[in-house]
Amino acid sequence: MTDEVSTLMGIAAQLNLTAQIHMRRFGSFADGLRHMLHLLRRSRPGSQGEGQREGQAQPVCFVLHNFEDFALRPKQTLLYSLFDLCQTDDAQMAVIGLTSRVDALDLLEKRVRSRFSGRQLALSYLPTAADATSLLRRALSGPVPAEAKSVDGRLVRPFHGAWASAVDELCAALEASPTLERLLWHGLTPRTLLAGLKLHLAALSPAAPLPTADGVEAALARELPLPVAEALLPELSVVELLLLLCLQRRLDTDAPPPHTLRAVLREYHQFLADAPEAAAQYGLPLPPLTKAFEHLLALGLVAADR
């Protein structure tokens, strides 16, 4: 929700103040927000007589997902109202914006930026498949239920056991998944990973009640579609393109498999021998050539036999 009215009602619902908001009409979003914060106030304890002041009883933290959408709203009313209220002496509130755009702050108007603290925290992508599966395992784990017993006293394996086994299989399969490796290389955030997991869980049914690695990959493909091979080629280095050409050359000449890295490198060095003018620039040692080939594997342009 990015419009002011729906956002105001969403805030009221989370603060359990919907009934009080429906009873009044407000001239602006800022008036409605101030009234909600007023409802959370009480007299400060320990103050008597003239020293008694009204203070906010409950701290409030506003988390704005897709922060750039609020910055694109006309007049940026919501952001201005929130940041302006944060400047008051007795306000116990914080505003956290989540965005994937590095230039989100450049979208703020001058009056809004002047009220912004300027604190920024950059969150990195998931670095490895092990980190991704660890996050999935935590998200899919739940409390262990008490064992149920049948009429004859024997233990009946609960659904929790089947679920835990499915989660173990899912994580093991994803750790070796080339699709997940490609997503990680392109930049897979915890938020996107969990969003894909939610899509997969929403598709579960009584006929298929357990999560699977294929289901998670399919959901992630919808949430973060990968570019096609034609779109990746312009981003490759010359060495990576040469390695692809050498591999294709082996396929065109019906060279017997396996088409290993060693075989591709033999073709690569033969190519340099036929083109002496390129040997000085592209006659690289083994480590950078291996790194370039691994990059092709991560992009999915080269498939490894497992």
# chains A, B, ... in the order shown; residues from 1 in each chain; ligands from 1
call {"tool": "residues_around", "arguments": {"residues": "A:Ala203", "least_positions_apart": "6", "cutoff": "12 Å", "atoms": "only C-alpha atoms", "output": "PyMOL selection string"}}
result
chain A and resi 196-197+209-212+215-216+218-219
call {"tool": "write_last_selection", "arguments": {"atoms": "N, CA and C atoms", "output": "CSV table (one decimal), in the first residue's frame"}}
result
chain,number,residue,atom,x,y,z
A,196,GLY,N,9.8,-16.2,-2.4
A,196,GLY,CA,9.6,-17.4,-3.2
A,196,GLY,C,9.2,-18.6,-2.4
A,197,LEU,N,9.7,-18.7,-1.2
A,197,LEU,CA,9.3,-19.8,-0.3
A,197,LEU,C,7.8,-19.7,0.0
A,209,PRO,N,1.4,-32.1,0.2
A,209,PRO,CA,1.5,-31.3,1.4
A,209,PRO,C,2.9,-30.9,1.9
A,210,LEU,N,3.9,-31.4,1.2
A,210,LEU,CA,5.3,-31.2,1.7
A,210,LEU,C,6.1,-30.3,0.7
A,211,PRO,N,7.0,-29.5,1.2
A,211,PRO,CA,7.8,-28.6,0.3
A,211,PRO,C,8.8,-29.4,-0.4
A,212,THR,N,9.2,-29.0,-1.6
A,212,THR,CA,10.1,-29.7,-2.5
A,212,THR,C,11.1,-28.6,-3.1
A,215,GLY,N,9.7,-27.2,-6.3
A,215,GLY,CA,8.7,-26.1,-6.1
A,215,GLY,C,9.3,-24.8,-5.7
A,216,VAL,N,10.3,-24.8,-4.8
A,216,VAL,CA,11.0,-23.6,-4.4
A,216,VAL,C,11.7,-22.9,-5.6
A,218,ALA,N,10.9,-23.2,-8.8
A,218,ALA,CA,9.8,-22.7,-9.7
A,218,ALA,C,9.3,-21.4,-9.1
A,219,ALA,N,9.1,-21.3,-7.8
A,219,ALA,CA,8.6,-20.1,-7.2
A,219,ALA,C,9.6,-19.0,-7.3
call {"tool": "residues_around", "arguments": {"residues": "A:Leu220", "least_positions_apart": "3", "cutoff": "10 Å", "atoms": "only C-alpha atoms", "output": "short mmCIF file (atom, residue, chain, number, x, y, z; two decimals) with all heavy atoms, in the first residue's frame"}}
result
data_model
loop_
_atom_site.label_atom_id
_atom_site.label_comp_id
_atom_site.auth_asym_id
_atom_site.auth_seq_id
_atom_site.Cartn_x
_atom_site.Cartn_y
_atom_site.Cartn_z
N THR A 179 20.49 -23.98 -10.56
CA THR A 179 19.57 -22.86 -10.64
C THR A 179 19.78 -21.90 -9.48
O THR A 179 19.81 -20.67 -9.65
CB THR A 179 18.12 -23.36 -10.64
OG1 THR A 179 17.91 -24.24 -11.75
CG2 THR A 179 17.13 -22.20 -10.72
N LEU A 180 19.94 -22.45 -8.27
CA LEU A 180 20.20 -21.61 -7.12
C LEU A 180 21.54 -20.89 -7.25
O LEU A 180 21.67 -19.72 -6.86
CB LEU A 180 20.17 -22.45 -5.83
CG LEU A 180 20.38 -21.67 -4.52
CD1 LEU A 180 19.30 -20.61 -4.35
CD2 LEU A 180 20.39 -22.61 -3.33
N LEU A 183 21.01 -17.93 -9.42
CA LEU A 183 20.29 -16.87 -8.70
C LEU A 183 21.21 -16.15 -7.73
O LEU A 183 21.14 -14.92 -7.59
CB LEU A 183 19.10 -17.48 -7.95
CG LEU A 183 17.93 -17.97 -8.81
CD1 LEU A 183 16.95 -18.76 -7.96
CD2 LEU A 183 17.21 -16.79 -9.46
N LEU A 188 20.75 -12.72 -5.01
CA LEU A 188 19.56 -13.24 -4.34
C LEU A 188 19.54 -12.73 -2.91
O LEU A 188 20.44 -13.04 -2.12
CB LEU A 188 19.56 -14.77 -4.37
CG LEU A 188 18.38 -15.47 -3.68
CD1 LEU A 188 17.07 -15.10 -4.37
CD2 LEU A 188 18.57 -16.99 -3.69
N THR A 192 13.90 -11.89 -1.16
CA THR A 192 13.42 -12.55 -2.36
C THR A 192 13.31 -14.06 -2.15
O THR A 192 12.36 -14.70 -2.61
CB THR A 192 14.36 -12.26 -3.54
OG1 THR A 192 14.47 -10.84 -3.72
CG2 THR A 192 13.86 -12.89 -4.81
N LEU A 193 14.28 -14.62 -1.43
CA LEU A 193 14.25 -16.06 -1.17
C LEU A 193 13.02 -16.43 -0.34
O LEU A 193 12.33 -17.41 -0.64
CB LEU A 193 15.53 -16.48 -0.45
CG LEU A 193 15.64 -17.95 -0.08
CD1 LEU A 193 15.60 -18.83 -1.32
CD2 LEU A 193 16.93 -18.21 0.70
N LEU A 194 12.74 -15.66 0.70
CA LEU A 194 11.58 -15.96 1.54
C LEU A 194 10.27 -15.69 0.80
O LEU A 194 9.26 -16.38 1.03
CB LEU A 194 11.64 -15.12 2.82
CG LEU A 194 12.79 -15.47 3.77
CD1 LEU A 194 12.79 -14.55 4.97
CD2 LEU A 194 12.71 -16.92 4.22
N ALA A 195 10.26 -14.70 -0.09
CA ALA A 195 9.06 -14.46 -0.89
C ALA A 195 8.78 -15.64 -1.81
O ALA A 195 7.62 -16.06 -1.98
CB ALA A 195 9.22 -13.17 -1.70
N GLY A 196 9.84 -16.19 -2.42
CA GLY A 196 9.65 -17.39 -3.24
C GLY A 196 9.18 -18.57 -2.43
O GLY A 196 8.34 -19.36 -2.88
N LEU A 197 9.70 -18.71 -1.20
CA LEU A 197 9.27 -19.79 -0.33
C LEU A 197 7.78 -19.66 0.01
O LEU A 197 7.04 -20.65 0.03
CB LEU A 197 10.11 -19.80 0.94
CG LEU A 197 9.74 -20.85 1.99
CD1 LEU A 197 9.91 -22.25 1.42
CD2 LEU A 197 10.59 -20.68 3.25
N LYS A 198 7.33 -18.44 0.26
CA LYS A 198 5.91 -18.22 0.57
C LYS A 198 5.03 -18.60 -0.62
O LYS A 198 3.94 -19.18 -0.43
CB LYS A 198 5.68 -16.76 0.96
CG LYS A 198 6.28 -16.37 2.30
CD LYS A 198 6.05 -14.89 2.59
CE LYS A 198 6.69 -14.49 3.91
NZ LYS A 198 6.52 -13.04 4.18
N LEU A 199 5.48 -18.27 -1.83
CA LEU A 199 4.70 -18.66 -3.01
C LEU A 199 4.58 -20.18 -3.11
O LEU A 199 3.52 -20.71 -3.45
CB LEU A 199 5.37 -18.10 -4.27
CG LEU A 199 5.24 -16.61 -4.54
CD1 LEU A 199 6.05 -16.22 -5.76
CD2 LEU A 199 3.78 -16.22 -4.72
N HIS A 200 5.68 -20.86 -2.81
CA HIS A 200 5.65 -22.33 -2.89
C HIS A 200 4.75 -22.91 -1.81
O HIS A 200 3.96 -23.82 -2.07
CB HIS A 200 7.06 -22.87 -2.75
CG HIS A 200 7.14 -24.36 -2.66
ND1 HIS A 200 6.49 -25.19 -3.56
CD2 HIS A 200 7.77 -25.19 -1.77
CE1 HIS A 200 6.72 -26.46 -3.25
NE2 HIS A 200 7.48 -26.48 -2.16
N ASP A 214 12.13 -28.54 -6.19
CA ASP A 214 11.62 -28.12 -7.49
C ASP A 214 10.57 -27.02 -7.33
O ASP A 214 10.52 -26.07 -8.12
CB ASP A 214 11.01 -29.30 -8.24
CG ASP A 214 12.07 -30.31 -8.67
OD1 ASP A 214 13.25 -29.93 -8.75
OD2 ASP A 214 11.70 -31.48 -8.91
N GLY A 215 9.73 -27.16 -6.29
CA GLY A 215 8.71 -26.15 -6.05
C GLY A 215 9.31 -24.81 -5.66
O GLY A 215 8.85 -23.75 -6.11
N VAL A 216 10.35 -24.83 -4.83
CA VAL A 216 11.02 -23.59 -4.44
C VAL A 216 11.69 -22.94 -5.64
O VAL A 216 11.62 -21.72 -5.83
CB VAL A 216 12.03 -23.86 -3.31
CG1 VAL A 216 12.86 -22.61 -3.01
CG2 VAL A 216 11.33 -24.32 -2.05
N GLU A 217 12.36 -23.75 -6.49
CA GLU A 217 13.01 -23.20 -7.67
C GLU A 217 11.99 -22.59 -8.63
O GLU A 217 12.23 -21.52 -9.21
CB GLU A 217 13.80 -24.30 -8.38
CG GLU A 217 15.06 -24.73 -7.64
CD GLU A 217 15.82 -25.81 -8.40
OE1 GLU A 217 15.27 -26.32 -9.39
OE2 GLU A 217 16.96 -26.12 -8.00
N GLU A 223 9.56 -15.18 -8.97
CA GLU A 223 9.89 -14.00 -8.17
C GLU A 223 11.10 -13.25 -8.72
O GLU A 223 11.16 -12.03 -8.68
CB GLU A 223 10.17 -14.44 -6.72
CG GLU A 223 10.29 -13.29 -5.73
CD GLU A 223 8.98 -12.61 -5.47
OE1 GLU A 223 7.91 -13.18 -5.79
OE2 GLU A 223 9.00 -11.47 -4.95
N LEU A 224 12.08 -14.00 -9.23
CA LEU A 224 13.31 -13.40 -9.75
C LEU A 224 13.68 -14.10 -11.04
O LEU A 224 14.54 -14.98 -11.07
CB LEU A 224 14.45 -13.54 -8.72
CG LEU A 224 15.78 -12.87 -9.05
CD1 LEU A 224 15.61 -11.36 -9.09
CD2 LEU A 224 16.84 -13.25 -8.02
N PRO A 225 13.02 -13.76 -12.15
CA PRO A 225 13.30 -14.45 -13.42
C PRO A 225 14.73 -14.21 -13.87
O PRO A 225 15.25 -13.09 -13.78
CB PRO A 225 12.28 -13.84 -14.39
CG PRO A 225 11.91 -12.52 -13.78
CD PRO A 225 12.01 -12.72 -12.30
N LEU A 226 15.35 -15.27 -14.34
CA LEU A 226 16.73 -15.18 -14.82
C LEU A 226 16.76 -14.70 -16.27
O LEU A 226 15.87 -15.02 -17.05
CB LEU A 226 17.41 -16.55 -14.72
CG LEU A 226 17.67 -17.07 -13.31
CD1 LEU A 226 18.10 -18.52 -13.37
CD2 LEU A 226 18.74 -16.23 -12.62
#
call {"tool": "select_by_dssp", "arguments": {"residues": "stretch 79-120 of chain A", "states": "strand (DSSP E or B)", "output": "PDB file with C-alpha atoms, in the first residue's frame"}}
result
ATOM      1  CA  MET A  93       9.034   6.366  17.088  1.00  0.00           C
ATOM      2  CA  ALA A  94      11.408   5.251  14.355  1.00  0.00           C
ATOM      3  CA  VAL A  95      10.984   4.911  10.602  1.00  0.00           C
ATOM      4  CA  ILE A  96      12.837   2.203   8.660  1.00  0.00           C
ATOM      5  CA  GLY A  97      12.678   2.134   4.880  1.00  0.00           C
TER       6      GLY A  97
END
call {"tool": "residues_around", "arguments": {"residues": "A:Val238", "least_positions_apart": "4", "cutoff": "9 Å", "atoms": "only C-alpha atoms", "output": "PyMOL selection string"}}
result
chain A and resi 242-243+282
call {"tool": "write_last_selection", "arguments": {"atoms": "N, CA, C and O atoms", "output": "PDB file, in the first residue's frame"}}
result
ATOM      1  N   LEU A 242      35.631 -16.688 -25.736  1.00  0.00           N
ATOM      2  CA  LEU A 242      36.538 -17.613 -26.415  1.00  0.00           C
ATOM      3  C   LEU A 242      36.374 -19.030 -25.893  1.00  0.00           C
ATOM      4  O   LEU A 242      36.415 -19.999 -26.668  1.00  0.00           O
ATOM      5  N   LEU A 243      36.186 -19.178 -24.585  1.00  0.00           N
ATOM      6  CA  LEU A 243      35.974 -20.513 -24.024  1.00  0.00           C
ATOM      7  C   LEU A 243      34.683 -21.126 -24.556  1.00  0.00           C
ATOM      8  O   LEU A 243      34.631 -22.332 -24.852  1.00  0.00           O
ATOM      9  N   TYR A 282      45.707 -12.860 -24.626  1.00  0.00           N
ATOM     10  CA  TYR A 282      44.785 -13.830 -24.031  1.00  0.00           C
ATOM     11  C   TYR A 282      45.467 -15.135 -23.619  1.00  0.00           C
ATOM     12  O   TYR A 282      44.786 -16.081 -23.226  1.00  0.00           O
TER      13      TYR A 282
END
call {"tool": "atom_distance", "arguments": {"atom1": "atom CA of A:Leu204", "atom2": "atom CA of A:Arg182"}}
result
25.3 Å
call {"tool": "select_by_dssp", "arguments": {"residues": "stretch 58-270 of chain A", "states": "alpha helix (DSSP H)", "output": "number ranges by chain"}}
result
A: 67-71, 77-86, 110-113, 129-140, 159-175, 178-186, 190-202, 213-223, 229-232, 238-252, 261-270
